[in-house]
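Chemist: One structure, as structure tokens, below. Some questions next.
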Amino acid sequence: MTAAAAIQKAKAALALTSNYAVAYAVKAADVDVVAVYPITPQTTIVEKIAEFVDDGELNADLIHVESEHSAMSAVVGAAAAGARVFTATSSQGLELMHEVLHIASGLRLPVVMAVPARAISAPISIHGDYSDVMNTRDTGWITYIASSAQEVYDTVIQAYKVAETTLLPVMVSYDGFLMSHTTEPVELNDEEAVKRFLPRRERPNVLRPEKPITMGAFAMPDWYYEIKYQVQEALASSLKTIEEVDAEYGKAFGRSYGIIQTYRMEDADYAVIAYGGAAFGNAREAVDVARERGIRAGAIRLRVWRPFPADRLLKQLAGVKAFAVIDRAIAFGSPGGGPAFIDVATALYMGGMDVPGLSVIHGIGQRSMYVEDFVKVFEMLKDGERNKVVYMGLRL
Amino acid sequence: MKVVYKAIWDLPVEELFASGHRACAGCGPAIAMRWITKTAGPNTVVVNATGCMEVTTTQYPETAWMVPYLHVAFENAAAAASGVDSAIRVTSKKGLWRSGKTNVIVIAGDGGTYDIGLQSLSGMLERGHHVLYILYDNEAYMNTGIQRSGGTPRYAWTTTTPVGRAIRGKIQAKKDIMGIVMAHRVPYAATASISNIIDMSNKIKTALEYTEEGPTFLHIMAPCPPGWRFPEERTVEAARLAVETGYFPLYEYDHGKIRLNPPTSNMVADPKRRKPLREFLKFQGRFAHLTDAEIGELEKEVVANLEYLAKLASL
Amino acid sequence: MSLPKVHEIPIGGIITEPGSSRRNLTGGWRSLKPIIHDDRCIRCRICWMYCPEGTIKETKGEFVVKGRKYQYKYEIDYNYCKGCGICAHECPTKAIEMVPEA
Ligand code: SF4
Ligand code: SF4
């Protein structure tokens, strides 16, 4: 180990918000082009990256775009030209990018984006929920939902490897404010080791004068379907890559997370499925409380939201009597209430399984979620409440 | 302007925009594409906004482009090109871009420039990217079937500005896009016409040279036979008359200084050398409904614009 | 002809063959056909410059027409000519004639 690396290792554990953890991961990944437009609660990511760039610690071009639409367009352009790229946004910004999200996956560009999740207007809210991330469900992006600042840091680095292997864009989301602005200890990797973990490799879809290709062509009905199906297939098979990269990362840096995380599921009768830091944190505590009250409770966290880890999840649900999904977003007008519930229900149906469930909406616009609320969910399950949508924390 | 090409025989021979594209017969923008690529040469990345030139040149699995080409969407060509520019610059420094000095050129129509793409154009210009932005102006949304844009001239018929009993064609005047670009104080911006290929090619060369300093802009007049409703063989003539009647003045903005180019400079010096506007309007179906009084009004606007430009040039 | 399947298509909808539009012979669009009368052609290059299809070929060589020596000859590749007539309209000597397609 070089002296510099040794020093870096020595002071590797820092107190960071999840947003700053993202910025450190971007620096470690030696990103070339960053294009970000300010929006709460994302802004401190780009501020930190700007510091790194202006201090010469990150050799990247920071494009001060005039909108999120242009942020995504600029990183698409930069990735098309072969650069390693990064962007970040939240809420309205993610909505404004939406058109280009489809293009990033359609062109098969390894764009990496961080999304501290936030509620969507109107009424305008700067607070957290997952309405923004859930709206990107069908855009062809791999989507992680992390639950701690450490996991955010590790996942952003993993995301580059996953993106550059699968040639799909990757989003790393986490709770706006509850994580984006909360300080936690984060162990940083040796940056040389990250460089070895993320070697530069050639891609077929790069703009080069020596080998001129046309990207973004106009496809008639004879061709469009096959090209879009390739994205569908790439997403489906990316779960394997996500798992392998996570394992390889674990070997190199000592931390890995899997695709779903479980808590006391071994003998659970009732399972709560959640995503994000706050919801899963509450779910775990509620499991302990519920077990003290004689309910065999367990919790499952979706770390990967797209592609939806149906097989892994069904294995966990095979032995339970009933489950509940805690959604921090509303799928307006849908039969299932919350987006993740709808996917879990679909996964059960497709898997030929019949496990009853409750769809619980909570934490909308960062409405406080209490551990006791989650305990109540376990009690409702035990009391036989089934197949309905519960709006928790709502003054009804 | 750097005069690289003095005469027609100096023009580059190599074609980088292939035959077999699906633009309409007599397409003015297609003539522009040929000369943009020929002049810029193979070390060029083209970023194209959605529009006529995108749909007619890239119908999968065939492409007319012989340079690397990227189309992202309609409103964001300048933003995507910003990314390409940044990528080339940073990865060159890191030894990852091995193609040497490479031009980045945006090609967008009037809809993609005056209207939906104006924000990303402004952002790109303000940030000072090393990008040449080329607007090919056929004065309406032709690809979707002739709808008015901010670049459509006053009184023109389009399918969204029909000649009705209450309103006859487009009410508003054509936006001064050059004025907007110049307000960004870019190193270089110029107008050109597909009728004046030598002038246009020299301006492309000049603009590309100046992109080392920052963004440059070209506004190219490129008539559309079906959209303007004139016979296909008259495309070049239409562009020529646009220039010769003063409807589309040729000029450059070079580091803050405006210079009128011939023949516009000649007609400013001697108004008799300007052809009557009627000659430009009369064979176009989109202006067929115009009364003498309306033509008179348009002519006044043309003269006022020339006087305005002459004043700017004298500063 | 059967079209390629999912795995036979490059990813991302990219087109890897530059200038492959040449496979699309647009000559079939033509209703009028330009004929260059070589004896009237003064080798000014104007038709070559303006053709939107880039389908007027400039050939270098020794060409003797009516006792005059020329270094160039202009010929139309009818595979792509759409018959727009710009070349005929712009030709200063009216050397190009538009004739109806048979
Ligand atoms: S008729 Fe049109 S397409 Fe054909 S050669 Fe002449 S200019 Fe080109
Ligand atoms: S424009 Fe006419 S004279 Fe000139 S090269 Fe063409 S055919 Fe010959």
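Residue numbering restarts at 1 for every chain of the structure tokens, chains are lettered A, B, ... in their displayed order, and ligands are numbered from 1 as they appear.
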Going by DSSP on the backbone, which residues of chain C come out as helix (DSSP H, G or I)? List them as a list in words.
Modeler: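 Here are the helix (DSSP H, G or I) residues of chain C: Val6, His7, Glu8, Ile11, Gly12, Gly13, Ser20, Ser21, Arg22, Arg23, Thr26, Gly27, Gly28, Trp29, Ile46, Cys47, Trp48, Met49, Tyr50, Ile86, Cys87, Ala88, His89 and Glu90 of chain C.
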Chemist: Residues within 6 Å of ligand 1 (only C-alpha atoms and all ligand atoms), as an NGL selection string?
Modeler: :C and (34 or 51-53 or 55-56 or 76 or 81-87)
Chemist: Would you give me, as a VMD selection string, the residues of chain B that come within 7 Å of chain A, using only C-alpha atoms?
Modeler: chain B and resid 42 to 44 55 58 to 60 63 66 to 72 76 79 to 84 86 to 88 90 to 91 99 120 123
Chemist: Hey, which residues sit close to ligand 2? Say within 12 Å, counting only C-alpha atoms and all ligand atoms, and write them as a tab-separated table (two decimals) with all heavy atoms, in the first residue's frame.
Modeler:
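Dumped everything to out_27.tsv:
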chain	number	residue	atom	x	y	z
B	8	ILE	N	-16.01	27.82	-56.46
B	8	ILE	CA	-16.72	26.55	-56.43
B	8	ILE	C	-15.76	25.36	-56.53
B	8	ILE	O	-15.99	24.31	-55.95
B	8	ILE	CB	-17.81	26.52	-57.54
B	8	ILE	CG1	-18.81	25.37	-57.31
B	8	ILE	CG2	-17.20	26.45	-58.92
B	8	ILE	CD1	-20.05	25.46	-58.17
B	9	TRP	N	-14.64	25.56	-57.22
B	9	TRP	CA	-13.70	24.46	-57.41
B	9	TRP	C	-12.90	24.13	-56.17
B	9	TRP	O	-12.24	23.09	-56.10
B	9	TRP	CB	-12.78	24.73	-58.61
B	9	TRP	CG	-13.60	24.63	-59.85
B	9	TRP	CD1	-14.15	25.65	-60.56
B	9	TRP	CD2	-14.06	23.41	-60.46
B	9	TRP	NE1	-14.92	25.17	-61.58
B	9	TRP	CE2	-14.88	23.80	-61.54
B	9	TRP	CE3	-13.87	22.05	-60.19
B	9	TRP	CZ2	-15.50	22.86	-62.36
B	9	TRP	CZ3	-14.48	21.14	-61.02
B	9	TRP	CH2	-15.30	21.52	-62.09
C	34	PRO	N	-33.92	13.57	-65.02
C	34	PRO	CA	-32.99	14.57	-65.59
C	34	PRO	C	-32.01	13.89	-66.55
C	34	PRO	O	-31.43	12.86	-66.23
C	34	PRO	CB	-32.27	15.11	-64.37
C	34	PRO	CG	-32.32	14.00	-63.37
C	34	PRO	CD	-33.53	13.17	-63.67
C	35	ILE	N	-31.86	14.46	-67.73
C	35	ILE	CA	-30.89	13.95	-68.70
C	35	ILE	C	-29.87	15.06	-68.94
C	35	ILE	O	-30.25	16.18	-69.30
C	35	ILE	CB	-31.56	13.63	-70.06
C	35	ILE	CG1	-32.79	12.73	-69.89
C	35	ILE	CG2	-30.55	13.05	-71.05
C	35	ILE	CD1	-32.52	11.28	-69.66
C	36	ILE	N	-28.60	14.76	-68.70
C	36	ILE	CA	-27.57	15.77	-68.96
C	36	ILE	C	-27.13	15.66	-70.42
C	36	ILE	O	-26.70	14.60	-70.86
C	36	ILE	CB	-26.35	15.58	-68.03
C	36	ILE	CG1	-26.76	15.71	-66.56
C	36	ILE	CG2	-25.25	16.59	-68.37
C	36	ILE	CD1	-25.62	15.57	-65.57
C	37	HIS	N	-27.28	16.74	-71.11
C	37	HIS	CA	-26.77	16.78	-72.49
C	37	HIS	C	-25.32	17.25	-72.42
C	37	HIS	O	-25.05	18.45	-72.25
C	37	HIS	CB	-27.63	17.71	-73.34
C	37	HIS	CG	-29.03	17.21	-73.51
C	37	HIS	ND1	-29.35	16.12	-74.30
C	37	HIS	CD2	-30.20	17.61	-72.95
C	37	HIS	CE1	-30.64	15.89	-74.23
C	37	HIS	NE2	-31.19	16.77	-73.40
C	38	ASP	N	-24.44	16.29	-72.55
C	38	ASP	CA	-23.03	16.55	-72.29
C	38	ASP	C	-22.46	17.63	-73.22
C	38	ASP	O	-21.56	18.36	-72.85
C	38	ASP	CB	-22.26	15.21	-72.46
C	38	ASP	CG	-20.94	15.25	-71.75
C	38	ASP	OD1	-20.85	15.87	-70.67
C	38	ASP	OD2	-19.98	14.66	-72.27
C	39	ASP	N	-23.04	17.72	-74.40
C	39	ASP	CA	-22.51	18.70	-75.37
C	39	ASP	C	-22.83	20.13	-74.94
C	39	ASP	O	-22.20	21.07	-75.38
C	39	ASP	CB	-23.07	18.41	-76.77
C	39	ASP	CG	-24.59	18.35	-76.79
C	39	ASP	OD1	-25.20	18.09	-75.71
C	39	ASP	OD2	-25.18	18.59	-77.85
C	40	ARG	N	-23.84	20.27	-74.08
C	40	ARG	CA	-24.18	21.64	-73.65
C	40	ARG	C	-23.57	21.96	-72.28
C	40	ARG	O	-23.67	23.07	-71.79
C	40	ARG	CB	-25.69	21.79	-73.55
C	40	ARG	CG	-26.37	22.01	-74.89
C	40	ARG	CD	-27.85	22.28	-74.67
C	40	ARG	NE	-28.66	21.16	-75.15
C	40	ARG	CZ	-29.91	20.91	-74.73
C	40	ARG	NH1	-30.46	21.64	-73.79
C	40	ARG	NH2	-30.58	19.90	-75.22
C	41	CYS	N	-22.99	20.96	-71.67
C	41	CYS	CA	-22.47	21.14	-70.31
C	41	CYS	C	-21.13	21.87	-70.33
C	41	CYS	O	-20.21	21.47	-71.04
C	41	CYS	CB	-22.30	19.76	-69.65
C	41	CYS	SG	-21.37	19.82	-68.13
C	42	ILE	N	-21.04	22.95	-69.57
C	42	ILE	CA	-19.79	23.73	-69.53
C	42	ILE	C	-18.94	23.38	-68.29
C	42	ILE	O	-17.99	24.07	-67.97
C	42	ILE	CB	-20.07	25.25	-69.56
C	42	ILE	CG1	-21.04	25.63	-68.42
C	42	ILE	CG2	-20.61	25.67	-70.93
C	42	ILE	CD1	-21.11	27.11	-68.13
C	43	ARG	N	-19.32	22.32	-67.59
C	43	ARG	CA	-18.52	21.85	-66.43
C	43	ARG	C	-18.42	22.94	-65.36
C	43	ARG	O	-17.34	23.23	-64.85
C	43	ARG	CB	-17.12	21.44	-66.88
C	43	ARG	CG	-16.98	20.04	-67.43
C	43	ARG	CD	-17.73	19.81	-68.70
C	43	ARG	NE	-17.52	18.42	-69.15
C	43	ARG	CZ	-18.25	17.82	-70.07
C	43	ARG	NH1	-19.22	18.45	-70.68
C	43	ARG	NH2	-18.00	16.58	-70.40
C	44	CYS	N	-19.56	23.50	-64.99
C	44	CYS	CA	-19.53	24.58	-63.98
C	44	CYS	C	-19.68	24.03	-62.57
C	44	CYS	O	-19.47	24.73	-61.60
C	44	CYS	CB	-20.62	25.59	-64.27
C	44	CYS	SG	-22.27	24.94	-63.96
C	45	ARG	N	-20.11	22.80	-62.41
C	45	ARG	CA	-20.21	22.13	-61.11
C	45	ARG	C	-21.46	22.50	-60.30
C	45	ARG	O	-21.62	22.06	-59.16
C	45	ARG	CB	-18.95	22.46	-60.27
C	45	ARG	CG	-18.42	21.29	-59.47
C	45	ARG	CD	-17.25	21.70	-58.61
C	45	ARG	NE	-16.56	20.52	-58.08
C	45	ARG	CZ	-15.65	20.52	-57.14
C	45	ARG	NH1	-15.28	21.66	-56.59
C	45	ARG	NH2	-15.10	19.41	-56.72
C	46	ILE	N	-22.30	23.33	-60.86
C	46	ILE	CA	-23.44	23.86	-60.08
C	46	ILE	C	-24.45	22.75	-59.74
C	46	ILE	O	-24.92	22.66	-58.60
C	46	ILE	CB	-24.10	25.04	-60.84
C	46	ILE	CG1	-23.20	26.27	-60.66
C	46	ILE	CG2	-25.51	25.32	-60.32
C	46	ILE	CD1	-23.63	27.48	-61.47
C	47	CYS	N	-24.76	21.90	-60.70
C	47	CYS	CA	-25.74	20.83	-60.42
C	47	CYS	C	-25.21	19.90	-59.33
C	47	CYS	O	-25.94	19.50	-58.42
C	47	CYS	CB	-26.06	20.05	-61.69
C	47	CYS	SG	-24.60	19.37	-62.50
C	48	TRP	N	-23.94	19.57	-59.43
C	48	TRP	CA	-23.28	18.72	-58.43
C	48	TRP	C	-23.39	19.34	-57.04
C	48	TRP	O	-23.63	18.66	-56.05
C	48	TRP	CB	-21.80	18.55	-58.86
C	48	TRP	CG	-20.91	17.93	-57.83
C	48	TRP	CD1	-20.70	16.61	-57.62
C	48	TRP	CD2	-20.07	18.63	-56.89
C	48	TRP	NE1	-19.79	16.43	-56.60
C	48	TRP	CE2	-19.39	17.66	-56.15
C	48	TRP	CE3	-19.84	19.99	-56.62
C	48	TRP	CZ2	-18.48	17.99	-55.13
C	48	TRP	CZ3	-18.94	20.32	-55.62
C	48	TRP	CH2	-18.27	19.32	-54.89
C	49	MET	N	-23.23	20.66	-57.00
C	49	MET	CA	-23.23	21.36	-55.72
C	49	MET	C	-24.62	21.37	-55.08
C	49	MET	O	-24.74	21.20	-53.86
C	49	MET	CB	-22.76	22.80	-55.94
C	49	MET	CG	-22.74	23.67	-54.70
C	49	MET	SD	-21.94	25.24	-55.00
C	49	MET	CE	-23.14	26.09	-55.99
C	50	TYR	N	-25.65	21.51	-55.88
C	50	TYR	CA	-26.99	21.70	-55.30
C	50	TYR	C	-27.81	20.43	-55.15
C	50	TYR	O	-28.84	20.44	-54.47
C	50	TYR	CB	-27.79	22.70	-56.15
C	50	TYR	CG	-27.40	24.15	-55.95
C	50	TYR	CD1	-27.12	24.97	-57.03
C	50	TYR	CD2	-27.34	24.69	-54.67
C	50	TYR	CE1	-26.79	26.31	-56.85
C	50	TYR	CE2	-27.00	26.03	-54.48
C	50	TYR	CZ	-26.73	26.83	-55.58
C	50	TYR	OH	-26.41	28.14	-55.39
C	51	CYS	N	-27.44	19.35	-55.76
C	51	CYS	CA	-28.30	18.17	-55.71
C	51	CYS	C	-28.52	17.71	-54.25
C	51	CYS	O	-27.56	17.40	-53.55
C	51	CYS	CB	-27.69	17.02	-56.51
C	51	CYS	SG	-28.65	15.49	-56.31
C	55	THR	N	-26.28	12.93	-55.77
C	55	THR	CA	-26.30	11.81	-56.70
C	55	THR	C	-25.81	12.19	-58.10
C	55	THR	O	-25.94	11.42	-59.04
C	55	THR	CB	-27.70	11.15	-56.71
C	55	THR	OG1	-27.61	9.88	-57.31
C	55	THR	CG2	-28.72	12.01	-57.43
C	56	ILE	N	-25.23	13.38	-58.20
C	56	ILE	CA	-24.60	13.75	-59.47
C	56	ILE	C	-23.09	13.51	-59.30
C	56	ILE	O	-22.45	14.09	-58.44
C	56	ILE	CB	-24.90	15.20	-59.85
C	56	ILE	CG1	-26.42	15.36	-60.00
C	56	ILE	CG2	-24.16	15.59	-61.13
C	56	ILE	CD1	-26.90	16.73	-60.39
C	57	LYS	N	-22.59	12.59	-60.10
C	57	LYS	CA	-21.21	12.15	-59.94
C	57	LYS	C	-20.29	13.02	-60.80
C	57	LYS	O	-20.58	13.30	-61.96
C	57	LYS	CB	-21.05	10.69	-60.36
C	57	LYS	CG	-21.92	9.73	-59.56
C	57	LYS	CD	-21.51	9.64	-58.10
C	57	LYS	CE	-22.68	9.20	-57.26
C	57	LYS	NZ	-22.73	9.74	-55.91
C	58	GLU	N	-19.17	13.35	-60.17
C	58	GLU	CA	-18.17	14.14	-60.87
C	58	GLU	C	-17.03	13.19	-61.19
C	58	GLU	O	-16.40	12.66	-60.28
C	58	GLU	CB	-17.70	15.26	-59.95
C	58	GLU	CG	-16.72	16.22	-60.55
C	58	GLU	CD	-16.42	17.34	-59.55
C	58	GLU	OE1	-15.68	17.08	-58.59
C	58	GLU	OE2	-16.92	18.45	-59.73
C	59	THR	N	-16.79	12.96	-62.46
C	59	THR	CA	-15.71	12.05	-62.83
C	59	THR	C	-14.57	12.85	-63.43
C	59	THR	O	-14.77	13.70	-64.30
C	59	THR	CB	-16.21	11.03	-63.88
C	59	THR	OG1	-17.49	10.55	-63.46
C	59	THR	CG2	-15.25	9.87	-64.01
C	70	TYR	N	-12.30	18.66	-71.79
C	70	TYR	CA	-12.72	18.92	-70.41
C	70	TYR	C	-12.04	17.91	-69.47
C	70	TYR	O	-11.74	16.79	-69.86
C	70	TYR	CB	-14.23	18.77	-70.26
C	70	TYR	CG	-15.04	19.81	-71.00
C	70	TYR	CD1	-15.75	19.46	-72.14
C	70	TYR	CD2	-15.09	21.12	-70.54
C	70	TYR	CE1	-16.51	20.41	-72.81
C	70	TYR	CE2	-15.83	22.08	-71.21
C	70	TYR	CZ	-16.54	21.72	-72.35
C	70	TYR	OH	-17.28	22.64	-73.01
C	71	GLN	N	-11.86	18.36	-68.24
C	71	GLN	CA	-11.25	17.47	-67.24
C	71	GLN	C	-12.31	16.75	-66.41
C	71	GLN	O	-11.97	15.88	-65.61
C	71	GLN	CB	-10.37	18.28	-66.28
C	71	GLN	CG	-9.05	18.68	-66.89
C	71	GLN	CD	-8.29	19.53	-65.88
C	71	GLN	OE1	-8.74	20.61	-65.48
C	71	GLN	NE2	-7.14	19.05	-65.47
C	72	TYR	N	-13.54	17.16	-66.56
C	72	TYR	CA	-14.60	16.58	-65.74
C	72	TYR	C	-15.77	16.16	-66.59
C	72	TYR	O	-15.97	16.66	-67.69
C	72	TYR	CB	-15.11	17.60	-64.69
C	72	TYR	CG	-14.10	17.90	-63.63
C	72	TYR	CD1	-13.24	18.97	-63.76
C	72	TYR	CD2	-14.01	17.09	-62.50
C	72	TYR	CE1	-12.30	19.25	-62.78
C	72	TYR	CE2	-13.08	17.36	-61.51
C	72	TYR	CZ	-12.23	18.44	-61.65
C	72	TYR	OH	-11.31	18.72	-60.68
C	73	LYS	N	-16.54	15.27	-66.00
C	73	LYS	CA	-17.79	14.88	-66.63
C	73	LYS	C	-18.83	14.69	-65.52
C	73	LYS	O	-18.50	14.19	-64.44
C	73	LYS	CB	-17.58	13.58	-67.40
C	73	LYS	CG	-18.79	13.10	-68.19
C	73	LYS	CD	-18.42	11.78	-68.88
C	73	LYS	CE	-19.63	11.12	-69.50
C	73	LYS	NZ	-20.10	11.78	-70.72
C	74	TYR	N	-20.06	15.10	-65.78
C	74	TYR	CA	-21.11	14.97	-64.78
C	74	TYR	C	-22.12	13.93	-65.22
C	74	TYR	O	-22.61	13.96	-66.35
C	74	TYR	CB	-21.77	16.34	-64.54
C	74	TYR	CG	-20.78	17.23	-63.85
C	74	TYR	CD1	-19.90	18.02	-64.60
C	74	TYR	CD2	-20.62	17.19	-62.47
C	74	TYR	CE1	-18.92	18.77	-63.99
C	74	TYR	CE2	-19.64	17.94	-61.85
C	74	TYR	CZ	-18.79	18.72	-62.61
C	74	TYR	OH	-17.81	19.44	-62.00
C	75	GLU	N	-22.39	13.01	-64.32
C	75	GLU	CA	-23.33	11.93	-64.62
C	75	GLU	C	-24.24	11.73	-63.41
C	75	GLU	O	-23.81	11.88	-62.27
C	75	GLU	CB	-22.57	10.63	-64.90
C	75	GLU	CG	-21.95	10.59	-66.27
C	75	GLU	CD	-20.92	9.46	-66.39
C	75	GLU	OE1	-20.03	9.36	-65.52
C	75	GLU	OE2	-21.03	8.68	-67.33
C	76	ILE	N	-25.45	11.37	-63.71
C	76	ILE	CA	-26.43	11.20	-62.63
C	76	ILE	C	-26.55	9.71	-62.28
C	76	ILE	O	-26.71	8.87	-63.16
C	76	ILE	CB	-27.80	11.78	-63.04
C	76	ILE	CG1	-27.66	13.31	-63.17
C	76	ILE	CG2	-28.89	11.43	-62.02
C	76	ILE	CD1	-28.80	13.97	-63.87
C	85	GLY	N	-35.52	18.08	-60.02
C	85	GLY	CA	-35.35	19.09	-61.07
C	85	GLY	C	-34.52	20.30	-60.68
C	85	GLY	O	-34.37	21.24	-61.46
C	86	ILE	N	-33.98	20.30	-59.47
C	86	ILE	CA	-33.14	21.43	-59.06
C	86	ILE	C	-31.96	21.59	-60.02
C	86	ILE	O	-31.63	22.70	-60.45
C	86	ILE	CB	-32.65	21.26	-57.60
C	86	ILE	CG1	-33.82	21.45	-56.63
C	86	ILE	CG2	-31.52	22.24	-57.29
C	86	ILE	CD1	-33.46	21.22	-55.15
C	87	CYS	N	-31.35	20.46	-60.36
C	87	CYS	CA	-30.17	20.52	-61.24
C	87	CYS	C	-30.53	21.20	-62.56
C	87	CYS	O	-29.82	22.10	-63.02
C	87	CYS	CB	-29.59	19.12	-61.47
C	87	CYS	SG	-30.79	17.91	-62.06
C	88	ALA	N	-31.66	20.80	-63.15
C	88	ALA	CA	-32.07	21.37	-64.43
C	88	ALA	C	-32.39	22.85	-64.28
C	88	ALA	O	-32.02	23.68	-65.12
C	88	ALA	CB	-33.28	20.61	-64.96
C	89	HIS	N	-33.06	23.18	-63.16
C	89	HIS	CA	-33.47	24.56	-62.93
C	89	HIS	C	-32.27	25.48	-62.70
C	89	HIS	O	-32.29	26.65	-63.10
C	89	HIS	CB	-34.37	24.59	-61.70
C	89	HIS	CG	-35.16	25.85	-61.53
C	89	HIS	ND1	-36.19	26.19	-62.39
C	89	HIS	CD2	-35.07	26.86	-60.63
C	89	HIS	CE1	-36.70	27.35	-62.00
C	89	HIS	NE2	-36.04	27.77	-60.94
C	90	GLU	N	-31.23	24.96	-62.08
C	90	GLU	CA	-30.07	25.79	-61.74
C	90	GLU	C	-29.01	25.79	-62.84
C	90	GLU	O	-28.13	26.65	-62.85
C	90	GLU	CB	-29.44	25.31	-60.42
C	90	GLU	CG	-30.33	25.49	-59.20
C	90	GLU	CD	-30.73	26.93	-58.94
C	90	GLU	OE1	-29.89	27.84	-59.17
C	90	GLU	OE2	-31.90	27.17	-58.55
C	91	CYS	N	-29.02	24.83	-63.72
C	91	CYS	CA	-27.98	24.74	-64.75
C	91	CYS	C	-27.96	26.01	-65.61
C	91	CYS	O	-28.97	26.36	-66.20
C	91	CYS	CB	-28.21	23.51	-65.64
C	91	CYS	SG	-27.09	23.47	-67.05
C	92	PRO	N	-26.83	26.69	-65.69
C	92	PRO	CA	-26.79	27.98	-66.41
C	92	PRO	C	-26.93	27.83	-67.91
C	92	PRO	O	-27.30	28.79	-68.59
C	92	PRO	CB	-25.42	28.55	-66.04
C	92	PRO	CG	-24.59	27.39	-65.65
C	92	PRO	CD	-25.53	26.39	-65.06
C	93	THR	N	-26.64	26.66	-68.47
C	93	THR	CA	-26.74	26.51	-69.93
C	93	THR	C	-27.94	25.67	-70.33
C	93	THR	O	-28.07	25.29	-71.49
C	93	THR	CB	-25.46	25.84	-70.49
C	93	THR	OG1	-25.36	24.53	-69.92
C	93	THR	CG2	-24.22	26.64	-70.17
C	94	LYS	N	-28.79	25.36	-69.36
C	94	LYS	CA	-29.96	24.51	-69.63
C	94	LYS	C	-29.53	23.19	-70.28
C	94	LYS	O	-30.17	22.69	-71.21
C	94	LYS	CB	-31.00	25.24	-70.51
C	94	LYS	CG	-31.56	26.49	-69.86
C	94	LYS	CD	-32.61	26.14	-68.79
C	94	LYS	CE	-32.84	27.29	-67.81
C	94	LYS	NZ	-32.41	26.99	-66.45
C	95	ALA	N	-28.45	22.65	-69.77
C	95	ALA	CA	-27.92	21.40	-70.33
C	95	ALA	C	-28.67	20.18	-69.81
C	95	ALA	O	-28.50	19.08	-70.31
C	95	ALA	CB	-26.44	21.27	-69.99
C	96	ILE	N	-29.48	20.39	-68.78
C	96	ILE	CA	-30.20	19.25	-68.21
C	96	ILE	C	-31.68	19.36	-68.56
C	96	ILE	O	-32.31	20.40	-68.36
C	96	ILE	CB	-30.01	19.20	-66.67
C	96	ILE	CG1	-28.51	19.16	-66.34
C	96	ILE	CG2	-30.73	17.98	-66.09
C	96	ILE	CD1	-28.19	19.16	-64.86
C	97	GLU	N	-32.18	18.29	-69.07
C	97	GLU	CA	-33.57	18.26	-69.52
C	97	GLU	C	-34.34	17.28	-68.64
C	97	GLU	O	-33.85	16.18	-68.36
C	97	GLU	CB	-33.59	17.79	-70.99
C	97	GLU	CG	-34.94	17.82	-71.64
C	97	GLU	CD	-34.88	17.19	-73.05
C	97	GLU	OE1	-33.78	16.81	-73.50
C	97	GLU	OE2	-35.93	17.08	-73.67
C	98	MET	N	-35.53	17.67	-68.21
C	98	MET	CA	-36.36	16.77	-67.40
C	98	MET	C	-37.35	16.08	-68.34
C	98	MET	O	-38.17	16.76	-68.97
C	98	MET	CB	-37.13	17.54	-66.33
C	98	MET	CG	-36.26	18.30	-65.32
C	98	MET	SD	-35.08	17.27	-64.38
C	98	MET	CE	-36.18	16.32	-63.33
Chemist: Measure the distance from CA of Phe248 in chain B to CA of Pro215 in chain B in Å and round it to one decimal.
Modeler: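 One can read the CA of Phe248 in chain B to CA of Pro215 in chain B distance as 22.7 Å.
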Chemist: Give as an MDAnalysis selection string every residue of chain B that touches chain C within 9 Å, counting only C-alpha atoms.
Modeler: chainID B and resid 8:9 11 13 15:35 57:68 194:195 197 231:237
Chemist: So which bits of range 160-351 of chain A end up strand (DSSP E) when you DSSP the backbone, as JSON, numbers by chain?
Modeler: {"A": [170, 171, 172, 173, 174, 175, 183, 184, 185, 186, 187, 214, 215, 260, 261, 262, 263, 270, 271, 272, 273, 274, 297, 298, 299, 300, 301, 302, 304, 305, 306, 322, 323, 324, 325, 326, 327]}
Chemist: Residues near range 102-105 of chain B, anyone? I mean within 6 Å using only C-alpha atoms, not counting same-chain ones fewer than 5 positions away, as an mmCIF file with C-alpha atoms, in the first residue's frame.
Modeler:
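Output below, filename around.cif:
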data_model
loop_
_atom_site.group_PDB
_atom_site.id
_atom_site.type_symbol
_atom_site.label_atom_id
_atom_site.label_comp_id
_atom_site.auth_asym_id
_atom_site.auth_seq_id
_atom_site.Cartn_x
_atom_site.Cartn_y
_atom_site.Cartn_z
ATOM 1 C CA ASN B 43 -13.750 14.095 -37.249
ATOM 2 C CA THR B 44 -17.148 15.372 -36.276
ATOM 3 C CA VAL B 45 -19.901 14.237 -33.942
ATOM 4 C CA VAL B 46 -23.365 15.320 -35.059
ATOM 5 C CA VAL B 131 -20.178 23.374 -29.896
ATOM 6 C CA LEU B 132 -21.307 24.674 -33.271
ATOM 7 C CA TYR B 133 -25.097 24.877 -33.256
#
Chemist: Which residue gives the smallest distance to chain C among A:Met369, A:Leu109, A:Ile242, A:Met179, with only C-alpha atoms counted?
Modeler: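 Result for the nearest residue to chain C: A:Leu109.
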Chemist: CA of Phe86 in chain A and CA of Thr166 in chain A, how far apart in Å?
Modeler: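 CA of Phe86 in chain A lies at a distance of 16.7 Å from CA of Thr166 in chain A.
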